[in-house]
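Notes to accompany the following structure.
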Amino acid sequence: MTMLGDNPAATPKLAPAPVASVIDLQVHFRSKAGVVHAVDGVSFDIADGETLGLVGETGCGKSVTARSFLRLVPMPPGIQAGGSILFRPHRGCEACFGNGCDVCHQSGRAPDVCGDCAGSGCDACAGTGHLTVDLLEVAEQDLRNIRGNRIAMIFQDPGKALNPAMSIRDQLAEVFYAHRSAELLAAAGLDGGGDGPVGTLMRRKAGLRSSRLEDVLLTLPSLRARRNRLRVAADNRIAEALAETQIPNPRKVMDRYPHELSGGMRQRVMIAQALACDPDLLIADEPTTALDVTVQARILELIRELQQRHRTSVLYISHDLSLVRRVCDRVAVMYAGRIVEVAPAAEIFNEPSHPYTRGLLAAIPAASHERGRLVAIAGTVPELIDPPPACRFAGRCPFEAEACQLHDPDPEAIGVGHEVACFIHHPPPDSTAARPSFDRQVR
Amino acid sequence: MQIRDYILRRLMVLPLLIVGVSIIVFALTRIGGSPIGIYLSHEMSQEDVAQLEERFHLNDPVPVQYFYWASGVLTGDLGWSGVAAAPVTEVFLPKLAATMELAVTSAIVAVALGVALGTFAGARRNRFPDHLTRVFSISGAAMPLFWFAILLLIVFWVYLGWFPIGRSDPEMWARIDHPTNLYTLDSLLAGDFGAFRDAVWHLILPAVTLGYGATAIIARMMRSSLVEELQEDYVDAARAKGLPERLVLRRHARRNALIPTVTVIGLSFGFLLQGSVVAEIIFQWPGLGRWMADSVLRGDQATIMAYVLFTSVLFLVVNLAVDVMYAYLDRRVVLGE
Amino acid sequence: MVDMPMTRTGPVDSALRVRLRRARELTASLLRNPTTVAGLVFIVLLLGMAIFAPLLTEPNTPDAYQMPRDWGAIAVPPGSPGHFLGTTNVGGDVLYGIIWGARTSLRLSVIVVSATVAIGVTVGSIAGFRGGRVDEVLMRIVDVFLSIPELIFALAIAAVLGPSFRNIILALAVVFWVKYARIMRAQIIHVKENEYVDAARMIGDSPWRIYLKDVLPNSITPVIVQATLDMGNIVLVGATLSFIGLSEAGIAEWGVLVSEGQAGISAGRWWSSTFPGMMVFLWALGFNLFGDGLRDILDPRTETAR
């Protein structure tokens, strides 16, 4: 890929810009009943190095949003109805070799420079000077370079997300072969192979491009030694990656199969796989939902630790608000395909401004609640087929008013870094309709 | 270890099933008329017949007769085939070789084509190639082999004249030695490429006919199991790693989809076995199937019984092997969840 | 996987309304699948041919199931006057054979399928309900029967009984009942473990009533699916047996016709084998397509044999 690779000039100092920006994302699904608006105009930014939580109940569209980053939503029945996801890849700062300096704003990671303007700012990068790509538009080949390499994803159930018939080693090796084949060849001492048939064969093998015939050739004694050196190099990298996630006995674990490991171990393997190539953005889709509570805490800690060490940005998807509080810098709350509130983590909990967020917080069982009473939000999530132009939460909102049934609010700022989509906080376009208020509870 | 128990259990049941089958076969000989019918040959004299009646205790109660018949079978006495004018055991092996040559060729064709077709269709679910494959698969299951064979015969032998019938050209057959009784192998061993080509040319039509039904079932199973695998999370996870789609298909989805397909491959073996009877009749292939068909028409009980016994045992053993292999491959998948 | 937004559910309906709606839904989804509809069309046409045979062609005397012989029109090709599909080597009208062959196939499949279902369901029910020794013994017998490949088994039985149409029916019945025993037993065991049977027993229903009211209706769907598939496959196997020569010569049966037409093939007389053979194919295809569609909507997860 031409974009991520040639950057000969010295790294200019650029103003920081979000590593990812979701702009008015719309993903719909064709179903027998109609077109379902699963994600209907979602926008948020992920700053470089931050952990953003995306919270909501089942069916609100958070998973679809997450998968859209890597274009993993199956496109029939899915429809890419609009919007863009901008990604600004970073790499280790060349000026300070990742230690932190002025150029990279002490983060150790500097953005790739926009090819069109060499950092001075232009239309392609919206003036930021950062190399910017729209993940929804980028070519197949480039997308594959990004997947697993610059953006990685860990899935909810590691038991299902690991191939049951492949050893841990083989699955992790794939990531290295796909994205770090040159490094592997170098580590194996095979990079001087030249353009002769042997050199080409080894390069193809390292890049997962060898045919079955070529694989058979590699079992011949003279070539076998080289193939084994390649494998050893890969094994070393794999062991390193596994050790980083605090898996005991990485060399032994490598030989195992997923079903031989516990849930917590499997998730560590997934995390190791995701962080293997030091990605800029890690998308974690409910990584602890399928785990025991005791294991959950440890995995959360691990993610936090690794995130700090690698300075990766994280998009953390969950339905559990209390969990998200411990891990995230900022939190975005989603409901019925829209973002209803975004704020720094502490503020979401101390000053929830959207009625839905309040409802979610109230529903968390706490010591302060009366014994025997559980609070729930009345009603169910609406059908998202051709939604009417009203607030999605209308019909369940305890503070609903006339304006809520006529217009759908967009998120607007109500404080530093705090946005809410509710007419309680900002006036509707049509000022004649009655506005809701926290003082008027109707249900 | 669950697997070992499973294998042991199946292995222990196997002899019981074989005995059960032998009882049925024995019962059939009784229904068929004279109890010594399977041993009689036209060369025998009155004394020989009396001796036979002694040896097999035909004047004793039925269970005793069963015992002597069964021990006869175990020591290799399967009776006299009127059709072949020889003891069954003598003629059995060369005919078996002929049928095996045909069946194995058909099986290889069926597996290769079926897996490829199923993968092709499964990766393009609900699009044109998938629909086409579904029509092919269903027609394969409903296809009367005798009709399909006759159609191919009419088109390719009568009208186009591209392919011959029978197993070989008599001249070329006579030219070479037959150590293995497998025409293809023997011709290669003898270095006679003309004979090899002759062997292959004669194989094509019956193998295609026989393989058609098996290809259809395998393709169908492969397609549906591939579709199922493609919906699993690990496939998305593989894509998320940045692997190109063809590798995701090949290394992840297809490899796992092959596991349930293995069971169907075992099933289609039974299909091939039964189909060989008809195929050998129509294409005049000198194998077990045609021998059986002739025996059925001419009341050659010894052959019929031997054939039923043999095919059942083979069927049981192959099914057991397939089930064991599936259990071995599948435990990684099953125990994992 | 991807979370799909939930849809609203309606209020609770009366039991009868629910059952009617379910029946209507089932029919609708059946008709929605084009291959299933195609199968149904084939079946209707073939059954129509069989039932209205006496009206479609002049029945042969004295036995309509015997192929007529017209010595004046031996082996004439299709399109000849009076013989739309040609004649056989003894002057039998191929079209007559097609139509009355359908009737023969109908007789064969209905008799065999009825018998096998009756026997199989009975044996399977006994095994499932009684359990223990009875179950073990019966299932061993079933396993032994299943160890012999179907066609070969039927071939052997028909061979020792002697070539006749009746013996083919008998042979097929002996071979094909086992599948139903297995299905029924599995269903009963599955249903037995279900709560509503325990509930009925607690109320004090007699075992017979429990069987008829609760167990049977819920166990019957895979049997129906298998019976539909077997309607097709019985004719297929039966025609194969006739082709090999275990039926009676000269009757209006598709397999016999194909076999008798074989001799003329090398001389270019393709029609007397091709058309009857095609009918066997269409019959099996129709029931297979429809049966598959039925299986997909009735119990998508259960494995039934071919």
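FYI, nothing fancy with the structure tokens labels: chains A, B, ... in order, residues from 1 per chain, ligands from 1 as they appear.
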Please return, as a tab-separated table (two decimals) with N, CA and C atoms, in the first residue's frame, all residues of chain A lying within 9 Å of chain B when only C-alpha atoms are considered.
chain	number	residue	atom	x	y	z
A	70	LEU	N	-14.17	-2.14	10.32
A	70	LEU	CA	-13.39	-3.05	9.49
A	70	LEU	C	-14.21	-3.64	8.36
A	71	ARG	N	-15.33	-3.04	8.11
A	71	ARG	CA	-16.24	-3.51	7.05
A	71	ARG	C	-16.56	-4.99	7.22
A	72	LEU	N	-16.90	-5.36	8.44
A	72	LEU	CA	-17.24	-6.75	8.72
A	72	LEU	C	-18.74	-6.98	8.75
A	140	GLU	N	-10.05	-2.78	-1.24
A	140	GLU	CA	-9.91	-4.08	-0.57
A	140	GLU	C	-8.50	-4.32	-0.05
A	141	GLN	N	-7.55	-4.13	-0.95
A	141	GLN	CA	-6.16	-4.42	-0.63
A	141	GLN	C	-5.69	-3.59	0.55
A	143	LEU	N	-7.61	-2.14	2.79
A	143	LEU	CA	-8.37	-2.53	3.97
A	143	LEU	C	-7.71	-3.73	4.64
A	144	ARG	N	-7.25	-4.67	3.84
A	144	ARG	CA	-6.60	-5.85	4.41
A	144	ARG	C	-5.31	-5.48	5.11
A	145	ASN	N	-4.64	-4.47	4.61
A	145	ASN	CA	-3.43	-4.02	5.29
A	145	ASN	C	-3.74	-3.39	6.62
A	146	ILE	N	-4.89	-2.78	6.72
A	146	ILE	CA	-5.28	-2.12	7.96
A	146	ILE	C	-5.77	-3.14	8.98
A	147	ARG	N	-6.55	-4.09	8.52
A	147	ARG	CA	-7.14	-5.07	9.43
A	147	ARG	C	-6.07	-5.89	10.12
A	148	GLY	N	-6.11	-5.96	11.40
A	148	GLY	CA	-5.15	-6.77	12.13
A	148	GLY	C	-3.82	-6.09	12.32
A	149	ASN	N	-3.63	-5.02	11.60
A	149	ASN	CA	-2.33	-4.37	11.57
A	149	ASN	C	-2.40	-2.98	12.19
A	151	ILE	N	-5.70	-1.49	12.72
A	151	ILE	CA	-6.91	-1.57	13.54
A	151	ILE	C	-7.15	-3.04	13.83
A	152	ALA	N	-7.30	-3.38	15.11
A	152	ALA	CA	-7.53	-4.78	15.46
A	152	ALA	C	-8.81	-4.89	16.26
A	153	MET	N	-9.39	-6.10	16.25
A	153	MET	CA	-10.66	-6.28	16.93
A	153	MET	C	-10.63	-7.52	17.80
A	154	ILE	N	-11.18	-7.42	19.00
A	154	ILE	CA	-11.37	-8.64	19.79
A	154	ILE	C	-12.87	-8.84	20.00
A	155	PHE	N	-13.27	-10.08	19.96
A	155	PHE	CA	-14.68	-10.41	19.90
A	155	PHE	C	-15.20	-10.87	21.25
A	157	ASP	N	-17.09	-13.64	22.34
A	157	ASP	CA	-16.92	-14.99	22.86
A	157	ASP	C	-15.66	-15.60	22.28
A	158	PRO	N	-14.58	-15.63	23.03
A	158	PRO	CA	-13.33	-16.14	22.47
A	158	PRO	C	-13.44	-17.62	22.09
A	159	GLY	N	-14.39	-18.32	22.69
A	159	GLY	CA	-14.57	-19.71	22.33
A	159	GLY	C	-15.05	-19.83	20.89
A	160	LYS	N	-15.82	-18.85	20.45
A	160	LYS	CA	-16.32	-18.91	19.08
A	160	LYS	C	-15.44	-18.14	18.11
A	161	ALA	N	-14.66	-17.19	18.64
A	161	ALA	CA	-13.90	-16.35	17.73
A	161	ALA	C	-12.55	-16.94	17.39
A	162	LEU	N	-12.18	-18.02	18.04
A	162	LEU	CA	-10.95	-18.71	17.66
A	162	LEU	C	-11.34	-19.96	16.88
A	163	ASN	N	-10.60	-20.24	15.83
A	163	ASN	CA	-10.89	-21.41	15.02
A	163	ASN	C	-10.64	-22.67	15.83
A	164	PRO	N	-11.67	-23.47	16.09
A	164	PRO	CA	-11.51	-24.62	16.98
A	164	PRO	C	-10.57	-25.68	16.45
A	165	ALA	N	-10.34	-25.70	15.16
A	165	ALA	CA	-9.52	-26.76	14.60
A	165	ALA	C	-8.09	-26.33	14.32
A	166	MET	N	-7.74	-25.13	14.77
A	166	MET	CA	-6.38	-24.66	14.52
A	166	MET	C	-5.67	-24.42	15.83
A	171	GLN	N	-2.85	-19.89	14.56
A	171	GLN	CA	-3.72	-18.73	14.41
A	171	GLN	C	-2.96	-17.43	14.62
A	174	GLU	N	-0.62	-16.51	11.69
A	174	GLU	CA	-1.26	-15.88	10.53
A	174	GLU	C	-1.11	-14.37	10.54
A	175	VAL	N	-1.28	-13.78	11.73
A	175	VAL	CA	-1.18	-12.31	11.80
A	175	VAL	C	0.21	-11.85	11.41
A	178	ALA	N	0.86	-12.36	7.74
A	178	ALA	CA	0.10	-11.44	6.88
A	178	ALA	C	0.71	-10.05	6.86
A	179	HIS	N	1.21	-9.60	8.02
A	179	HIS	CA	1.62	-8.20	8.09
A	179	HIS	C	3.10	-7.97	8.37
A	208	LEU	N	2.15	-15.93	3.16
A	208	LEU	CA	0.95	-16.78	3.03
A	208	LEU	C	0.48	-16.87	1.58
A	257	TYR	N	-4.95	-26.31	21.55
A	257	TYR	CA	-6.09	-25.89	20.76
A	257	TYR	C	-7.05	-25.10	21.65
A	258	PRO	N	-7.87	-24.26	21.05
A	258	PRO	CA	-8.73	-23.39	21.87
A	258	PRO	C	-9.55	-24.14	22.90
A	259	HIS	N	-10.04	-25.32	22.58
A	259	HIS	CA	-10.93	-25.97	23.54
A	259	HIS	C	-10.18	-26.47	24.76
A	260	GLU	N	-8.85	-26.49	24.67
A	260	GLU	CA	-8.07	-26.94	25.81
A	260	GLU	C	-7.76	-25.82	26.79
A	261	LEU	N	-8.16	-24.62	26.45
A	261	LEU	CA	-7.87	-23.49	27.33
A	261	LEU	C	-9.12	-22.98	28.01
A	273	GLN	N	-3.32	-11.74	19.97
A	273	GLN	CA	-3.44	-11.73	18.52
A	273	GLN	C	-3.73	-10.33	18.01
A	274	ALA	N	-4.59	-9.63	18.74
A	274	ALA	CA	-4.99	-8.30	18.28
A	274	ALA	C	-3.84	-7.31	18.41
| query | Can you list every residue in stretch 170-310 of chain A that DSSP puts in helix (DSSP H, G or I), as a PyMOL selection string? | reply | chain A and resi 170-179+181-187+191-193+197-206+212-217+221-244+250-254+258-260+263-275+293-310
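Residue-level contacts from chain B to chain C at 6 Å, counting only C-alpha atoms, read Leu17, Gly20, Val21, Gly32, Ala142, Met143, Pro144, Trp147, Val296 and Ser312 of chain B.
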Output N, CA and C atoms for every residue in that selection, as an mmCIF file, in the first residue's frame.
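In the end it all went to again_9.cif:
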data_model
loop_
_atom_site.group_PDB
_atom_site.id
_atom_site.type_symbol
_atom_site.label_atom_id
_atom_site.label_comp_id
_atom_site.auth_asym_id
_atom_site.auth_seq_id
_atom_site.Cartn_x
_atom_site.Cartn_y
_atom_site.Cartn_z
ATOM 1 N N LEU B 17 -23.407 -57.341 15.042
ATOM 2 C CA LEU B 17 -24.146 -56.975 13.842
ATOM 3 C C LEU B 17 -23.856 -57.948 12.705
ATOM 4 N N GLY B 20 -25.765 -60.952 13.238
ATOM 5 C CA GLY B 20 -27.164 -60.689 12.916
ATOM 6 C C GLY B 20 -27.406 -60.763 11.423
ATOM 7 N N VAL B 21 -26.501 -60.151 10.668
ATOM 8 C CA VAL B 21 -26.644 -60.188 9.210
ATOM 9 C C VAL B 21 -26.553 -61.615 8.706
ATOM 10 N N GLY B 32 -35.375 -69.691 0.335
ATOM 11 C CA GLY B 32 -35.129 -69.888 -1.082
ATOM 12 C C GLY B 32 -35.297 -71.320 -1.551
ATOM 13 N N ALA B 142 -32.395 -37.914 -6.884
ATOM 14 C CA ALA B 142 -33.607 -38.536 -7.418
ATOM 15 C C ALA B 142 -33.341 -39.327 -8.694
ATOM 16 N N MET B 143 -32.105 -39.264 -9.166
ATOM 17 C CA MET B 143 -31.815 -39.838 -10.483
ATOM 18 C C MET B 143 -31.783 -41.359 -10.449
ATOM 19 N N PRO B 144 -32.629 -41.992 -11.241
ATOM 20 C CA PRO B 144 -32.509 -43.443 -11.357
ATOM 21 C C PRO B 144 -31.239 -43.771 -12.120
ATOM 22 N N TRP B 147 -31.523 -45.244 -15.622
ATOM 23 C CA TRP B 147 -31.936 -44.354 -16.680
ATOM 24 C C TRP B 147 -30.794 -43.452 -17.127
ATOM 25 N N VAL B 296 -29.117 -63.349 -9.488
ATOM 26 C CA VAL B 296 -30.495 -63.074 -9.068
ATOM 27 C C VAL B 296 -31.472 -63.634 -10.089
ATOM 28 N N SER B 312 -22.483 -56.213 3.162
ATOM 29 C CA SER B 312 -22.881 -55.735 4.484
ATOM 30 C C SER B 312 -21.680 -55.522 5.382
#
| request: Name the residues in contact with stretch 50-60 of chain A at a cut-off of 7 Å, using only C-alpha atoms, excluding same-chain residues fewer than 3 positions from it; report them as a VMD selection string. | output: (chain A and resid 46 to 47 313 to 319 321 324 328 to 337) or (chain C and resid 3 to 6)
May I have the residues from that selection written out with N, CA and C atoms, as a PDB file, in the first residue's frame?
ATOM      1  N   ILE A  46     -12.615   9.433  18.226  1.00  0.00           N
ATOM      2  CA  ILE A  46     -11.762   8.731  19.189  1.00  0.00           C
ATOM      3  C   ILE A  46     -10.410   9.419  19.140  1.00  0.00           C
ATOM      4  N   ALA A  47     -10.024  10.031  20.252  1.00  0.00           N
ATOM      5  CA  ALA A  47      -8.755  10.752  20.272  1.00  0.00           C
ATOM      6  C   ALA A  47      -7.600   9.763  20.349  1.00  0.00           C
ATOM      7  N   SER A 313      -5.307   3.394  21.033  1.00  0.00           N
ATOM      8  CA  SER A 313      -6.643   3.904  21.308  1.00  0.00           C
ATOM      9  C   SER A 313      -7.590   2.720  21.357  1.00  0.00           C
ATOM     10  N   VAL A 314      -8.600   2.813  22.185  1.00  0.00           N
ATOM     11  CA  VAL A 314      -9.520   1.678  22.315  1.00  0.00           C
ATOM     12  C   VAL A 314     -10.947   2.141  22.157  1.00  0.00           C
ATOM     13  N   LEU A 315     -11.704   1.400  21.367  1.00  0.00           N
ATOM     14  CA  LEU A 315     -13.157   1.591  21.307  1.00  0.00           C
ATOM     15  C   LEU A 315     -13.756   0.402  22.047  1.00  0.00           C
ATOM     16  N   TYR A 316     -14.343   0.675  23.195  1.00  0.00           N
ATOM     17  CA  TYR A 316     -14.790  -0.408  24.068  1.00  0.00           C
ATOM     18  C   TYR A 316     -16.309  -0.494  24.035  1.00  0.00           C
ATOM     19  N   ILE A 317     -16.815  -1.582  23.492  1.00  0.00           N
ATOM     20  CA  ILE A 317     -18.260  -1.758  23.377  1.00  0.00           C
ATOM     21  C   ILE A 317     -18.751  -2.558  24.569  1.00  0.00           C
ATOM     22  N   SER A 318     -19.838  -2.115  25.169  1.00  0.00           N
ATOM     23  CA  SER A 318     -20.386  -2.892  26.275  1.00  0.00           C
ATOM     24  C   SER A 318     -21.838  -2.534  26.515  1.00  0.00           C
ATOM     25  N   HIS A 319     -22.521  -3.395  27.233  1.00  0.00           N
ATOM     26  CA  HIS A 319     -23.870  -3.032  27.661  1.00  0.00           C
ATOM     27  C   HIS A 319     -23.852  -2.727  29.156  1.00  0.00           C
ATOM     28  N   LEU A 321     -22.733  -0.464  32.000  1.00  0.00           N
ATOM     29  CA  LEU A 321     -22.233   0.879  32.304  1.00  0.00           C
ATOM     30  C   LEU A 321     -21.193   0.864  33.418  1.00  0.00           C
ATOM     31  N   VAL A 324     -17.847  -0.188  32.182  1.00  0.00           N
ATOM     32  CA  VAL A 324     -17.255   0.797  31.288  1.00  0.00           C
ATOM     33  C   VAL A 324     -16.603   1.919  32.084  1.00  0.00           C
ATOM     34  N   CYS A 328     -12.879   3.300  30.806  1.00  0.00           N
ATOM     35  CA  CYS A 328     -12.893   4.279  29.730  1.00  0.00           C
ATOM     36  C   CYS A 328     -12.622   5.701  30.180  1.00  0.00           C
ATOM     37  N   ASP A 329     -12.046   6.455  29.253  1.00  0.00           N
ATOM     38  CA  ASP A 329     -11.838   7.873  29.499  1.00  0.00           C
ATOM     39  C   ASP A 329     -13.120   8.635  29.218  1.00  0.00           C
ATOM     40  N   ARG A 330     -13.720   8.311  28.077  1.00  0.00           N
ATOM     41  CA  ARG A 330     -14.983   8.945  27.721  1.00  0.00           C
ATOM     42  C   ARG A 330     -15.999   7.857  27.419  1.00  0.00           C
ATOM     43  N   VAL A 331     -17.273   8.215  27.529  1.00  0.00           N
ATOM     44  CA  VAL A 331     -18.327   7.235  27.266  1.00  0.00           C
ATOM     45  C   VAL A 331     -19.343   7.831  26.310  1.00  0.00           C
ATOM     46  N   ALA A 332     -19.772   7.041  25.320  1.00  0.00           N
ATOM     47  CA  ALA A 332     -20.855   7.448  24.433  1.00  0.00           C
ATOM     48  C   ALA A 332     -22.001   6.485  24.649  1.00  0.00           C
ATOM     49  N   VAL A 333     -23.192   7.002  24.849  1.00  0.00           N
ATOM     50  CA  VAL A 333     -24.354   6.156  25.071  1.00  0.00           C
ATOM     51  C   VAL A 333     -25.175   6.096  23.799  1.00  0.00           C
ATOM     52  N   MET A 334     -25.504   4.884  23.383  1.00  0.00           N
ATOM     53  CA  MET A 334     -26.264   4.714  22.148  1.00  0.00           C
ATOM     54  C   MET A 334     -27.648   4.177  22.442  1.00  0.00           C
ATOM     55  N   TYR A 335     -28.620   4.618  21.670  1.00  0.00           N
ATOM     56  CA  TYR A 335     -29.960   4.065  21.814  1.00  0.00           C
ATOM     57  C   TYR A 335     -30.621   4.027  20.454  1.00  0.00           C
ATOM     58  N   ALA A 336     -31.157   2.867  20.088  1.00  0.00           N
ATOM     59  CA  ALA A 336     -31.925   2.719  18.853  1.00  0.00           C
ATOM     60  C   ALA A 336     -31.213   3.328  17.652  1.00  0.00           C
ATOM     61  N   GLY A 337     -29.916   3.051  17.554  1.00  0.00           N
ATOM     62  CA  GLY A 337     -29.191   3.473  16.363  1.00  0.00           C
ATOM     63  C   GLY A 337     -28.684   4.898  16.380  1.00  0.00           C
TER      64      GLY A 337
ATOM     65  N   ASP C   3     -26.105  -7.735  16.232  1.00  0.00           N
ATOM     66  CA  ASP C   3     -27.396  -7.625  16.907  1.00  0.00           C
ATOM     67  C   ASP C   3     -28.423  -7.005  15.987  1.00  0.00           C
ATOM     68  N   MET C   4     -29.519  -7.708  15.821  1.00  0.00           N
ATOM     69  CA  MET C   4     -30.601  -7.108  15.037  1.00  0.00           C
ATOM     70  C   MET C   4     -31.596  -6.481  15.994  1.00  0.00           C
ATOM     71  N   PRO C   5     -32.142  -5.351  15.655  1.00  0.00           N
ATOM     72  CA  PRO C   5     -33.118  -4.725  16.555  1.00  0.00           C
ATOM     73  C   PRO C   5     -34.336  -5.622  16.742  1.00  0.00           C
ATOM     74  N   MET C   6     -34.888  -5.584  17.940  1.00  0.00           N
ATOM     75  CA  MET C   6     -36.028  -6.464  18.235  1.00  0.00           C
ATOM     76  C   MET C   6     -37.296  -5.915  17.614  1.00  0.00           C
TER      77      MET C   6
END
Hey, which bits of chain A sit within 9 Å of chain C, and for each residue what's the closest pair of atoms and how far apart in Å (one decimal), counting only C-alpha atoms, rows by chain and increasing number, as JSON lines?
{"residue": "A:Phe29", "atom": "CA", "partner": "C:Met4", "partner_atom": "CA", "distance": 8.7}
{"residue": "A:Val36", "atom": "CA", "partner": "C:Pro5", "partner_atom": "CA", "distance": 7.8}
{"residue": "A:His37", "atom": "CA", "partner": "C:Pro5", "partner_atom": "CA", "distance": 8.8}
{"residue": "A:Ala38", "atom": "CA", "partner": "C:Pro5", "partner_atom": "CA", "distance": 6.8}
{"residue": "A:Thr58", "atom": "CA", "partner": "C:Asp3", "partner_atom": "CA", "distance": 6.6}
{"residue": "A:Gly59", "atom": "CA", "partner": "C:Pro5", "partner_atom": "CA", "distance": 4.4}
{"residue": "A:Cys60", "atom": "CA", "partner": "C:Pro5", "partner_atom": "CA", "distance": 6.7}
{"residue": "A:Gly61", "atom": "CA", "partner": "C:Asp3", "partner_atom": "CA", "distance": 6.9}
{"residue": "A:Lys62", "atom": "CA", "partner": "C:Asp3", "partner_atom": "CA", "distance": 8.4}
{"residue": "A:Ser63", "atom": "CA", "partner": "C:Val2", "partner_atom": "CA", "distance": 6.1}
{"residue": "A:Val64", "atom": "CA", "partner": "C:Val2", "partner_atom": "CA", "distance": 6.1}
{"residue": "A:Arg67", "atom": "CA", "partner": "C:Val2", "partner_atom": "CA", "distance": 8.4}
{"residue": "A:Val73", "atom": "CA", "partner": "C:Val2", "partner_atom": "CA", "distance": 7.7}
{"residue": "A:Gln156", "atom": "CA", "partner": "C:Met1", "partner_atom": "CA", "distance": 8.9}
{"residue": "A:Ala336", "atom": "CA", "partner": "C:Pro5", "partner_atom": "CA", "distance": 7.9}
{"residue": "A:Thr380", "atom": "CA", "partner": "C:Arg8", "partner_atom": "CA", "distance": 7.9}
{"residue": "A:Val381", "atom": "CA", "partner": "C:Met6", "partner_atom": "CA", "distance": 6.9}
{"residue": "A:Pro382", "atom": "CA", "partner": "C:Thr7", "partner_atom": "CA", "distance": 7.2}
{"residue": "A:Glu383", "atom": "CA", "partner": "C:Thr7", "partner_atom": "CA", "distance": 5.3}
{"residue": "A:Leu384", "atom": "CA", "partner": "C:Pro5", "partner_atom": "CA", "distance": 6.8}
| request: Determine, counting only C-alpha atoms, which protein, DNA and RNA residues have an atom within 12 Å of an atom of C:Ile189; residues of the same chain fewer than 5 positions away are not included. Present the result as a PyMOL selection string. | output: chain C and resi 124-131+135+182-184+194+197+215-216+218-219
| stretch 299-308 of chain B surroundings by only C-alpha atoms, 7 Å radius, close-in-sequence under 5 positions cut, as a VMD selection string | (chain B and resid 25 37 to 38 78 to 83 88 292) or (chain C and resid 152 156)
Please, could you write that set of residues out with C-alpha atoms as an mmCIF file, in the first residue's frame?
data_model
loop_
_atom_site.group_PDB
_atom_site.id
_atom_site.type_symbol
_atom_site.label_atom_id
_atom_site.label_comp_id
_atom_site.auth_asym_id
_atom_site.auth_seq_id
_atom_site.Cartn_x
_atom_site.Cartn_y
_atom_site.Cartn_z
ATOM 1 C CA VAL B 25 -28.700 -64.352 5.129
ATOM 2 C CA GLY B 37 -28.869 -75.387 -2.888
ATOM 3 C CA ILE B 38 -25.862 -73.227 -2.402
ATOM 4 C CA LEU B 78 -19.217 -70.107 0.351
ATOM 5 C CA GLY B 79 -20.766 -72.622 -1.919
ATOM 6 C CA TRP B 80 -20.879 -73.171 -5.633
ATOM 7 C CA SER B 81 -21.856 -70.513 -8.106
ATOM 8 C CA GLY B 82 -23.948 -71.842 -10.916
ATOM 9 C CA VAL B 83 -23.457 -68.675 -12.903
ATOM 10 C CA VAL B 88 -17.683 -68.728 -5.112
ATOM 11 C CA MET B 292 -24.942 -60.627 -8.572
ATOM 12 C CA ILE C 152 -29.018 -55.209 -2.115
ATOM 13 C CA ALA C 156 -31.808 -60.656 -2.245
#
| Spatial neighbours of stretch 187-194 of chain B, 9 Å, only C-alpha atoms, chain gap at least 2 places, as a VMD selection string | chain B and resid 172 to 173 175 to 178 182 to 185 196 to 199
| message | To one decimal place in Å, what is the distance between atom CA of A:Val327 and atom CA of A:His418? | response | 18.2 Å
Need the shell around stretch 86-90 of chain A: protein/DNA/RNA residues with any atom at most 6 Å away, counting only C-alpha atoms. Skip same-chain ones fewer than 4 positions apart. Format as a short mmCIF file (atom, residue, chain, number, x, y, z; two decimals) with C-alpha atoms, in the first residue's frame?
data_model
loop_
_atom_site.label_atom_id
_atom_site.label_comp_id
_atom_site.auth_asym_id
_atom_site.auth_seq_id
_atom_site.Cartn_x
_atom_site.Cartn_y
_atom_site.Cartn_z
CA VAL A 19 -7.22 8.72 15.41
CA ALA A 20 -10.72 7.90 14.18
CA SER A 21 -13.79 9.98 13.36
CA ALA A 110 3.27 10.33 15.44
CA PRO A 111 0.66 10.40 12.70
CA ASP A 112 1.39 9.33 9.15
CA LEU A 131 -2.90 10.95 6.44
CA THR A 132 -6.64 10.29 6.42
CA VAL A 133 -8.53 7.40 4.91
CA ASP A 134 -12.24 6.69 4.80
#
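Put simply, atom CA of A:Ile303 is 14.4 Å away from atom CA of A:Leu291.
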| task | Could you check how far atom CA of C:Pro54 sits from atom CA of C:Leu172, in Å to one decimal? | result | 27.1 Å
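Proximity of A:Ile385, A:Pro18, A:Met265, A:Ile168 to A:His130, computed with only C-alpha atoms, is greatest for A:Pro18.
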| field | strand (DSSP E) call set, DSSP backbone run, stretch 89-188 of chain A, as a PyMOL selection string | value | chain A and resi 90-92+109-111+133-134+151-154
